[in-house]
Amino acid sequence: MADKILGRVVEGSVNEGIRIQLVEDEDIEDYPCGSLVSIKGVRGEYLGIITDAGINVERSFLSKLPPLHGDELDRVMDVIEEWCRREWLEVALLAEKRGSAISVANTMPNFNSKLVPSTSQSLTAFFVGPTEVKAATYPVGEPYVPKAEAIEIPIAVDRLTELSFGIFGKSGTGKTFLGNILAGYLLKYALERDENLRLLIFDMHSEYGLELKDSYGRPLAKGVGQIFRDYFDIYTPDLDEAQKRDLKPLKLNLNRITLSDIYVLAPIFQLTDTFLQHLRTIYSVICKKVGLGEYWIWGLLYDSIDDDRFLTDEEKEDLKKKLISLAKKNFDDVSSINDLGDRIKGFFDTSISLSYSSQRSKIRRLLEIPHTVELHSKKEDSIDEIVSKITSKSGSHVIISLGAHERNLLLYMSIANLLARQLRQTLLMKVQSGGEPETKIIIFLEEAHNFLGRESYHLSPFGAIAREMRKRGVTLCVIDQKPGELDPDVISMIWTFFTFTLTDRKDIETAMVAISNPKLFSKIVPLLSKRDVLMYGEAVRFPVVVRVKDYKDVEKQLSEFVGRHRDEVAERERELRESGLL
Amino acid sequence: MSLIQSIVNSKNAVGEVANVDDMLIDIFLYPEYFGKIKVGNIIVVDSEGDKPIGIVLRLSHSPKAGSITPLRESLEKLRKRYPDYQYYLNYVTTIVYTSHYSDNEVRHSRSHSPHLHELAYLVEGKTSLKEFLMPKGVWDTSFLINYLQGGARPFNIIEFVENNSVSLKNLGDVKGFVKSVARTLAISHIDYYGYVINKVMNILEVK
């Protein structure tokens, strides 16, 4: 049976998009932007995506309608509307199929080529290639396809394990739901294939580690950390939450704070430029001249030790003694913590001294972060523990949920920076000593512009990870609502883009930087509804807008998978035990 | 009665071709039919080969002698006194040649010119009108383009609809007919066609 003709190609180009005029009895309201369409060319079939739609009218017709008005005008308009309007679609060409060969569209369908209803067979041919067939159990959602039954678009999860990807979109559009889905798929993939893949998820709002919430903050569904509870270690700096939910408490060792951390955190501390200019000198004085070494940060915090709510009184006293004893090595006359302060200030000229005194109070905010202090013996360090878990074969996946500290950017950034630096150092040491990393690591990083922004990128350890660590098996899932603030180098390292709606021009331009015809696709992005995502890049065969699957369904499927997997492992163990191998 | 059936019997002829001037055909009307013919009526000429079809644009009559002598009597009294008075008059209608009948179907284009004295028939009734207005089973009012080209004004379109309204309503889907008329008028660049369409909708009681 011949295909129903829905419209005809009337003009356009491969690069600028094509224009299709709908046939009279088609209703333009059936063709939302972002929908997929099929075009029958002379030699092959084309797949396109609607980037704009409109109506042109013959103005001379309308100008001759007066003196009608009111109901009469409505009645006559109703009669003439079919032919005085020209309904058109602007379509970006995505792919073409000649015989069985499918490629990116680099030819233009001929004039008068027909817009025909898409079929699930043709959509499957375009979107489910050999890689995706293997990965067919990882569907992200369904595209909009006018006049046809849609198919589920799968993603090639293996590509996500090899190259960094990004999830962008305004707040409340569905980034976290998709992030959880992708994290779930990555875990499923790793378990199915016995891959040494580790996820490290920085979870500001505890929606990966605990529960996803609705817009009123009510729990909606389990986060990936709860679905795969046996495979994750969930850390939190919220010590109450840790106790309540049986999570691991996360305490920082402030001795690990470096100079570059302070530079990265400077905007949050609101440190002045003058102080930052002097910071290296201040650091050098505290560290070397006064001799505090790896306790240098306490040279900025020494007079706040008594206010520290995370240290016991005994620890506070021991810390003071420790600092004094370190300074005493260089200066005999230091016998109190105030002497230590005077000794430090004594090295500064008036300008540095003023800056040092005024800005120290801002840095005191570091003490709001749950922390420990390294005194007589090596203190248990959450950061070391986490790095060890994600870099070793026998380790686990890790989520760092902020709990009640969800709005504490300082805390979030401090943890993330320390962890990233430690991770990088561990992997570099491993490589430098001739070894190879035991695991592939994917780091999910929310509010990524804080670490990978234009100013922070070169200072932050995440910048170094993005630049250097891909070949060592570390990739990033960059999650942000303001991609325009990310450093262009970071964007250039992202290979798959998941873009929810954005409205800021710069954000849209950034999110569309790796797509062909960015001008056309930029029109779609502000129009995306909540839960709609434009996906393109390495993990998807062709750019496509999909409505992300209902999270509850995914949660159910993944939970079932976890149950099945647990049973299979138990069965395998039983068999091994029976055969005496275990 | 179908269109072709209307021309089978020459006794049904309403007149004969008196003059042909490009799109305009003057039909000499037999006096007894003069009162029956209205602007907008469809007339088919039983020509050899294709049958020209036109729509009445004008009606006129004049004395054969060139002028009349005033008789100061009512027409009723004159008819009684001179029963053959109408034979002293010329009854003429001018039709616009819009279409033709060929190979058992109506085509809205012109074919050959009719010959003088060929008989003309009035097309009426639901079946004939359907053949004329829906030659391929769908509304086709493109004949109006020729009608307008031949001198018809927007108001004549209203007359066409008015004088065929009963049959039109019987054909059903009058809204489809109105849509087709509207399209034709727009293509013909008729000013205030919206007004004409509105009138047409009123006549055909389209909501």
# chains A, B, ... in the order shown; residues from 1 in each chain; ligands from 1

$ select_by_dssp --residues "segment 6-156 of chain B" --states "strand (DSSP E or B)" --output "ChimeraX atom specification"
/B:15-21,24-29,42-45,51-63,89-102,105-107,119-123

$ write_last_selection --atoms "C-alpha atoms" --output "PDB file, in the first residue's frame"
ATOM      1  CA  GLY B  15     -33.536  28.522 -27.446  1.00  0.00           C
ATOM      2  CA  GLU B  16     -30.803  28.466 -30.022  1.00  0.00           C
ATOM      3  CA  VAL B  17     -27.418  30.015 -30.530  1.00  0.00           C
ATOM      4  CA  ALA B  18     -27.765  33.469 -32.008  1.00  0.00           C
ATOM      5  CA  ASN B  19     -24.278  34.897 -31.693  1.00  0.00           C
ATOM      6  CA  VAL B  20     -20.831  33.818 -30.496  1.00  0.00           C
ATOM      7  CA  ASP B  21     -18.209  36.266 -29.364  1.00  0.00           C
ATOM      8  CA  LEU B  24     -19.920  35.041 -24.665  1.00  0.00           C
ATOM      9  CA  ILE B  25     -22.681  33.173 -26.423  1.00  0.00           C
ATOM     10  CA  ASP B  26     -26.011  34.844 -27.140  1.00  0.00           C
ATOM     11  CA  ILE B  27     -28.908  32.458 -27.061  1.00  0.00           C
ATOM     12  CA  PHE B  28     -32.124  33.416 -28.762  1.00  0.00           C
ATOM     13  CA  LEU B  29     -34.710  32.301 -26.240  1.00  0.00           C
ATOM     14  CA  ILE B  42     -26.702  26.554 -16.551  1.00  0.00           C
ATOM     15  CA  ILE B  43     -27.280  26.150 -20.282  1.00  0.00           C
ATOM     16  CA  VAL B  44     -25.918  23.347 -22.446  1.00  0.00           C
ATOM     17  CA  VAL B  45     -25.728  23.654 -26.233  1.00  0.00           C
ATOM     18  CA  LYS B  51     -21.373  20.145 -25.921  1.00  0.00           C
ATOM     19  CA  PRO B  52     -20.572  23.697 -24.794  1.00  0.00           C
ATOM     20  CA  ILE B  53     -21.934  24.665 -21.385  1.00  0.00           C
ATOM     21  CA  GLY B  54     -22.370  28.175 -20.112  1.00  0.00           C
ATOM     22  CA  ILE B  55     -23.924  30.120 -17.298  1.00  0.00           C
ATOM     23  CA  VAL B  56     -26.480  32.816 -17.831  1.00  0.00           C
ATOM     24  CA  LEU B  57     -24.916  36.221 -17.380  1.00  0.00           C
ATOM     25  CA  ARG B  58     -27.473  38.574 -18.901  1.00  0.00           C
ATOM     26  CA  LEU B  59     -31.104  38.494 -20.032  1.00  0.00           C
ATOM     27  CA  SER B  60     -32.490  40.985 -22.459  1.00  0.00           C
ATOM     28  CA  HIS B  61     -35.302  41.505 -24.881  1.00  0.00           C
ATOM     29  CA  SER B  62     -35.970  44.133 -27.492  1.00  0.00           C
ATOM     30  CA  PRO B  63     -38.469  44.816 -30.239  1.00  0.00           C
ATOM     31  CA  LEU B  89     -39.834  40.823 -29.637  1.00  0.00           C
ATOM     32  CA  ASN B  90     -36.303  39.350 -29.418  1.00  0.00           C
ATOM     33  CA  TYR B  91     -35.629  37.388 -26.228  1.00  0.00           C
ATOM     34  CA  VAL B  92     -31.934  36.924 -25.736  1.00  0.00           C
ATOM     35  CA  THR B  93     -29.773  35.594 -22.968  1.00  0.00           C
ATOM     36  CA  THR B  94     -26.034  35.913 -22.903  1.00  0.00           C
ATOM     37  CA  ILE B  95     -24.220  33.018 -21.369  1.00  0.00           C
ATOM     38  CA  VAL B  96     -20.551  32.760 -20.493  1.00  0.00           C
ATOM     39  CA  TYR B  97     -18.956  29.729 -22.075  1.00  0.00           C
ATOM     40  CA  THR B  98     -17.313  28.053 -19.045  1.00  0.00           C
ATOM     41  CA  SER B  99     -17.314  24.317 -19.658  1.00  0.00           C
ATOM     42  CA  HIS B 100     -18.127  21.532 -22.035  1.00  0.00           C
ATOM     43  CA  TYR B 101     -19.481  18.030 -21.987  1.00  0.00           C
ATOM     44  CA  SER B 102     -17.273  15.438 -23.552  1.00  0.00           C
ATOM     45  CA  GLU B 105     -18.326  13.994 -18.316  1.00  0.00           C
ATOM     46  CA  VAL B 106     -18.237  17.706 -17.699  1.00  0.00           C
ATOM     47  CA  ARG B 107     -14.919  19.495 -18.049  1.00  0.00           C
ATOM     48  CA  LEU B 119     -30.222  24.212 -29.749  1.00  0.00           C
ATOM     49  CA  ALA B 120     -29.740  25.256 -26.150  1.00  0.00           C
ATOM     50  CA  TYR B 121     -31.127  23.433 -23.121  1.00  0.00           C
ATOM     51  CA  LEU B 122     -31.584  24.395 -19.500  1.00  0.00           C
ATOM     52  CA  VAL B 123     -29.631  22.189 -17.057  1.00  0.00           C
TER      53      VAL B 123
END

$ interface_residues --of "chain B" --to "chain A" --cutoff "7 Å" --atoms "only C-alpha atoms" --output "MDAnalysis selection string"
chainID B and resid 179 182:183 186 191:195 197:198

$ write_last_selection --atoms "N, CA and C atoms" --output "tab-separated table (two decimals), in the first residue's frame"
chain	number	residue	atom	x	y	z
B	179	LYS	N	-16.60	26.05	0.41
B	179	LYS	CA	-15.14	26.08	0.45
B	179	LYS	C	-14.57	26.16	-0.96
B	182	ALA	N	-15.19	29.59	-2.36
B	182	ALA	CA	-14.30	30.57	-1.74
B	182	ALA	C	-12.91	30.51	-2.37
B	183	ARG	N	-12.46	29.31	-2.57
B	183	ARG	CA	-11.13	29.13	-3.14
B	183	ARG	C	-11.08	29.72	-4.55
B	186	ALA	N	-11.01	33.47	-4.43
B	186	ALA	CA	-9.72	34.00	-4.01
B	186	ALA	C	-8.71	33.94	-5.15
B	191	ASP	N	-12.35	41.23	-5.06
B	191	ASP	CA	-12.38	42.04	-3.85
B	191	ASP	C	-13.60	41.67	-3.01
B	192	TYR	N	-13.43	41.79	-1.72
B	192	TYR	CA	-14.51	41.53	-0.76
B	192	TYR	C	-15.18	40.17	-0.98
B	193	TYR	N	-14.37	39.20	-1.33
B	193	TYR	CA	-14.94	37.87	-1.55
B	193	TYR	C	-15.51	37.30	-0.25
B	194	GLY	N	-14.97	37.82	0.87
B	194	GLY	CA	-15.48	37.36	2.16
B	194	GLY	C	-16.97	37.68	2.28
B	195	TYR	N	-17.34	38.84	1.78
B	195	TYR	CA	-18.75	39.25	1.81
B	195	TYR	C	-19.60	38.29	0.98
B	197	ILE	N	-18.88	35.21	0.17
B	197	ILE	CA	-18.95	33.88	0.80
B	197	ILE	C	-19.98	33.88	1.93
B	198	ASN	N	-19.96	34.96	2.68
B	198	ASN	CA	-20.91	35.06	3.78
B	198	ASN	C	-22.34	35.00	3.26

$ closest_residue --among "B:Val14, B:Ile7, B:Met1, B:Ile203" --to "Phe160 of chain B" --atoms "only C-alpha atoms"
B:Ile203

$ closest_residue --among "A:Arg424, A:Val490, A:Ser38, A:Arg505" --to "Lys519 of chain A" --atoms "only C-alpha atoms"
A:Arg505

$ residues_around --residues "Arg365 of chain A" --least-positions-apart "6" --cutoff "12 Å" --atoms "only C-alpha atoms" --output "MDAnalysis selection string"
chainID A and resid 254 262 265:266 268:271 300:301 304 307:308 359 408:411 414

$ write_last_selection --atoms "C-alpha atoms" --output "mmCIF file, in the first residue's frame"
data_model
loop_
_atom_site.group_PDB
_atom_site.id
_atom_site.type_symbol
_atom_site.label_atom_id
_atom_site.label_comp_id
_atom_site.auth_asym_id
_atom_site.auth_seq_id
_atom_site.Cartn_x
_atom_site.Cartn_y
_atom_site.Cartn_z
ATOM 1 C CA LEU A 254 41.604 19.557 57.148
ATOM 2 C CA ILE A 262 41.627 27.780 48.742
ATOM 3 C CA LEU A 265 36.935 27.924 47.097
ATOM 4 C CA ALA A 266 37.794 31.638 47.054
ATOM 5 C CA ILE A 268 32.526 30.950 48.066
ATOM 6 C CA PHE A 269 34.621 32.436 50.872
ATOM 7 C CA GLN A 270 34.369 35.768 49.057
ATOM 8 C CA LEU A 271 38.083 36.260 49.531
ATOM 9 C CA LEU A 300 44.774 30.543 59.322
ATOM 10 C CA LEU A 301 42.417 28.988 61.862
ATOM 11 C CA SER A 304 39.179 29.455 66.250
ATOM 12 C CA ASP A 307 35.087 27.219 68.820
ATOM 13 C CA ASP A 308 35.510 23.985 66.830
ATOM 14 C CA GLN A 359 40.233 37.433 55.438
ATOM 15 C CA ASN A 408 26.360 24.109 51.614
ATOM 16 C CA LEU A 409 28.409 24.714 48.510
ATOM 17 C CA LEU A 410 31.562 25.145 50.525
ATOM 18 C CA LEU A 411 31.190 21.704 51.996
ATOM 19 C CA SER A 414 35.732 20.962 49.640
#

$ closest_residue --among "B:Asn202, B:Ser188, B:Asn104, B:Ser167" --to "Leu133 of chain B" --atoms "only C-alpha atoms"
B:Ser167

$ closest_residue --among "A:Thr258, A:Thr496, A:Thr173, A:Ser392" --to "Glu436 of chain A" --atoms "only C-alpha atoms"
A:Ser392

$ select_by_dssp --residues "chain B" --states "alpha helix (DSSP H)" --output "number ranges by chain"
B: 31-34, 75-81, 126-133, 143-149, 154-163, 165-171, 174-187, 193-203

$ residues_around --residues "Ile201 of chain A" --least-positions-apart "2" --cutoff "9 Å" --atoms "only C-alpha atoms" --output "VMD selection string"
chain A and resid 183 199 203 208 to 209 397 to 401 442 to 446

$ residues_around --residues "Ile508 of chain A" --least-positions-apart "4" --cutoff "9 Å" --atoms "only C-alpha atoms" --output "ChimeraX atom specification"
/A:483-484,499,501-504,512-513,522,525-526

$ write_last_selection --atoms "C-alpha atoms" --output "PDB file, in the first residue's frame"
ATOM      1  CA  PRO A 483      26.612  24.792  30.865  1.00  0.00           C
ATOM      2  CA  GLY A 484      27.551  28.214  29.511  1.00  0.00           C
ATOM      3  CA  THR A 499      20.162  18.444  27.104  1.00  0.00           C
ATOM      4  CA  THR A 501      15.327  22.655  28.324  1.00  0.00           C
ATOM      5  CA  LEU A 502      17.562  25.706  28.583  1.00  0.00           C
ATOM      6  CA  THR A 503      16.667  29.304  27.875  1.00  0.00           C
ATOM      7  CA  ASP A 504      19.857  31.279  28.269  1.00  0.00           C
ATOM      8  CA  MET A 512      24.772  22.556  21.108  1.00  0.00           C
ATOM      9  CA  VAL A 513      28.457  22.985  20.436  1.00  0.00           C
ATOM     10  CA  SER A 522      19.039  25.592  19.293  1.00  0.00           C
ATOM     11  CA  VAL A 525      15.982  23.370  23.260  1.00  0.00           C
ATOM     12  CA  PRO A 526      13.932  26.202  24.828  1.00  0.00           C
TER      13      PRO A 526
END

$ atom_distance --atom1 "atom CA of Lys248 of chain A" --atom2 "atom CA of Ile234 of chain A"
6.0 Å

$ residues_around --residues "segment 561-571 of chain A" --least-positions-apart "6" --cutoff "10 Å" --atoms "only C-alpha atoms" --output "number ranges by chain"
A: 187-188, 191-192, 227-231, 555, 577

$ write_last_selection --atoms "C-alpha atoms" --output "PDB file, in the first residue's frame"
ATOM      1  CA  LEU A 187      25.663  -0.524  37.097  1.00  0.00           C
ATOM      2  CA  LYS A 188      23.476  -3.045  35.343  1.00  0.00           C
ATOM      3  CA  LEU A 191      27.162  -6.404  36.612  1.00  0.00           C
ATOM      4  CA  GLU A 192      25.965  -8.123  33.460  1.00  0.00           C
ATOM      5  CA  ILE A 227      18.097   0.213  44.329  1.00  0.00           C
ATOM      6  CA  PHE A 228      21.654  -1.135  44.212  1.00  0.00           C
ATOM      7  CA  ARG A 229      22.129  -0.894  47.989  1.00  0.00           C
ATOM      8  CA  ASP A 230      24.471  -3.868  48.195  1.00  0.00           C
ATOM      9  CA  TYR A 231      26.830  -2.389  45.669  1.00  0.00           C
ATOM     10  CA  GLU A 555      13.147   1.652  39.243  1.00  0.00           C
ATOM     11  CA  ARG A 577      30.653 -24.803  46.962  1.00  0.00           C
TER      12      ARG A 577
END

$ residues_around --residues "Ile102 of chain A" --least-positions-apart "2" --cutoff "10 Å" --atoms "only C-alpha atoms" --output "list in words"
Gly44, Glu45, Tyr46, Ala95, Glu96, Lys97, Arg98, Gly99, Ser100, Val104, Ala105, Ala125, Phe126, Phe127 and Gly129 of chain A

$ atom_distance --atom1 "atom CA of Asp27 of chain A" --atom2 "atom CA of Phe500 of chain A"
26.8 Å
